[in-house]
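As structure tokens, the structure follows; a few thoughts come after it.
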Amino acid sequence: MKGTCELCERGEIQLTIHHLTTRELGGSLLPIAYLCKSCHKQIHALYSNRELAIRLYTVLLLKDDEALKK
Ligand SMILES: [Zn+2]
Ligand SMILES: [Zn+2]
């Protein structure tokens, strides 16, 4: 699927689905974000699933996080 990455806002690129909370913590019922492969990879390299679920459960929170601004 092609579209605009919700994090870096580059358009017309291949998107992957990121569950804003992990499936173990009920993520399948909660919102998802469409992210390009590089943003998605970066998020999972920087944060644990637990940290994502507890602290970074919206795209806005992710966008605001210092570690990702680089
Ligand atoms: Zn991106
Ligand atoms: Zn993900």
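We name chains A, B, ... following the order of the structure tokens; residues begin at 1 in each chain, and ligands are numbered from 1 as shown.
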
Practice task
Using DSSP on the backbone, list every residue of chain A that comes out as strand (DSSP E or B), and give them as a list in words.
Solution key: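 Strand (DSSP E or B) members of chain A, listed: Lys2, Gly3, Ile13, Gln14, Leu15, Thr16, Ile17, His18, His19, Ile32, Ala33, Tyr34, Leu35 and Cys36 of chain A.
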
Handout entry: Residues within 7 Å of Leu20 (chain A), only C-alpha atoms, excluding chain neighbours under 4 positions, as number ranges by chain
Key = A: 27, 31-33, 53, 57-58

Create the file for the chosen residues now, containing N, CA and C atoms and written as a CSV table (one decimal), in the first residue's frame.
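The resulting file, again-v8.csv, is shown below:
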chain,number,residue,atom,x,y,z
A,27,GLY,N,-3.5,-4.3,21.6
A,27,GLY,CA,-3.2,-3.5,20.5
A,27,GLY,C,-4.1,-3.7,19.3
A,31,PRO,N,-5.8,2.0,17.9
A,31,PRO,CA,-5.5,2.5,16.7
A,31,PRO,C,-4.1,2.0,16.1
A,32,ILE,N,-4.0,2.1,14.8
A,32,ILE,CA,-2.8,1.8,14.1
A,32,ILE,C,-2.3,3.1,13.4
A,33,ALA,N,-1.1,3.0,13.0
A,33,ALA,CA,-0.5,4.2,12.3
A,33,ALA,C,0.1,3.6,11.0
A,53,ALA,N,3.9,1.2,24.2
A,53,ALA,CA,2.5,1.0,24.7
A,53,ALA,C,2.2,2.0,25.8
A,57,TYR,N,1.9,6.1,22.6
A,57,TYR,CA,0.8,5.4,22.0
A,57,TYR,C,0.0,6.2,21.0
A,58,THR,N,0.5,7.4,20.6
A,58,THR,CA,-0.1,8.1,19.5
A,58,THR,C,1.0,8.6,18.6

Exercise for the section: Tell me which protein, DNA and RNA residues are within 12 Å of His44 (chain A), counting only C-alpha atoms, leaving out same-chain ones fewer than 3 positions away, and put them as an NGL selection string. Expected result: :A and (18-22 or 35 or 37-41 or 47-53 or 56 or 62 or 67-68)

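Nearest to Leu46 (chain A) of all the residues A:Val59, A:Gln14, A:Tyr34, A:Lys69 is A:Lys69, counting only C-alpha atoms.
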
Exercise for the section: Would you please extract all alpha helix (DSSP H) residues from chain A, as assigned by DSSP on the backbone, and give them as a ChimeraX atom specification? Expected result: /A:37-46,49-55,59-64,66-69

Problem - Neighbour list for Glu12 (chain A) as a ChimeraX atom specification, cut-off 8 Å, only C-alpha atoms, skip fewer than 4 positions in-chain - result: /A:2-4

Output of the above residues as a PDB file, in the first residue's frame, restricted to N, CA and C atoms:
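Wrote part.pdb, looks like this:
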ATOM      1  N   LYS A   2       0.524   2.211  -0.825  1.00  0.00           N
ATOM      2  CA  LYS A   2       1.287   3.451  -0.875  1.00  0.00           C
ATOM      3  C   LYS A   2       0.483   4.605  -0.317  1.00  0.00           C
ATOM      4  N   GLY A   3       1.198   5.558   0.309  1.00  0.00           N
ATOM      5  CA  GLY A   3       0.521   6.717   0.874  1.00  0.00           C
ATOM      6  C   GLY A   3       1.525   7.604   1.560  1.00  0.00           C
ATOM      7  N   THR A   4       1.032   8.382   2.529  1.00  0.00           N
ATOM      8  CA  THR A   4       1.897   9.313   3.246  1.00  0.00           C
ATOM      9  C   THR A   4       2.207   8.776   4.636  1.00  0.00           C
TER      10      THR A   4
END

Problem - Residue with smallest distance to Cys36 (chain A) - pool A:Arg55, A:Cys5, A:Leu60, A:Ile17, counting only C-alpha atoms - result: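 Looking at the shortest contact to Cys36 (chain A), the residue is A:Cys5.
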
Handout entry: Length of the atom 1 (Zn, counted along the ligand's line) of ligand 1 to CA of Glu6 (chain A) vector [Å]
Key =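 Pair atom 1 (Zn, counted along the ligand's line) of ligand 1 / CA of Glu6 (chain A) returns 6.6 Å.
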
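Atom pair CA of Gly11 (chain A) / CA of Asp64 (chain A) has a distance of 20.1 Å (rounded to one decimal).
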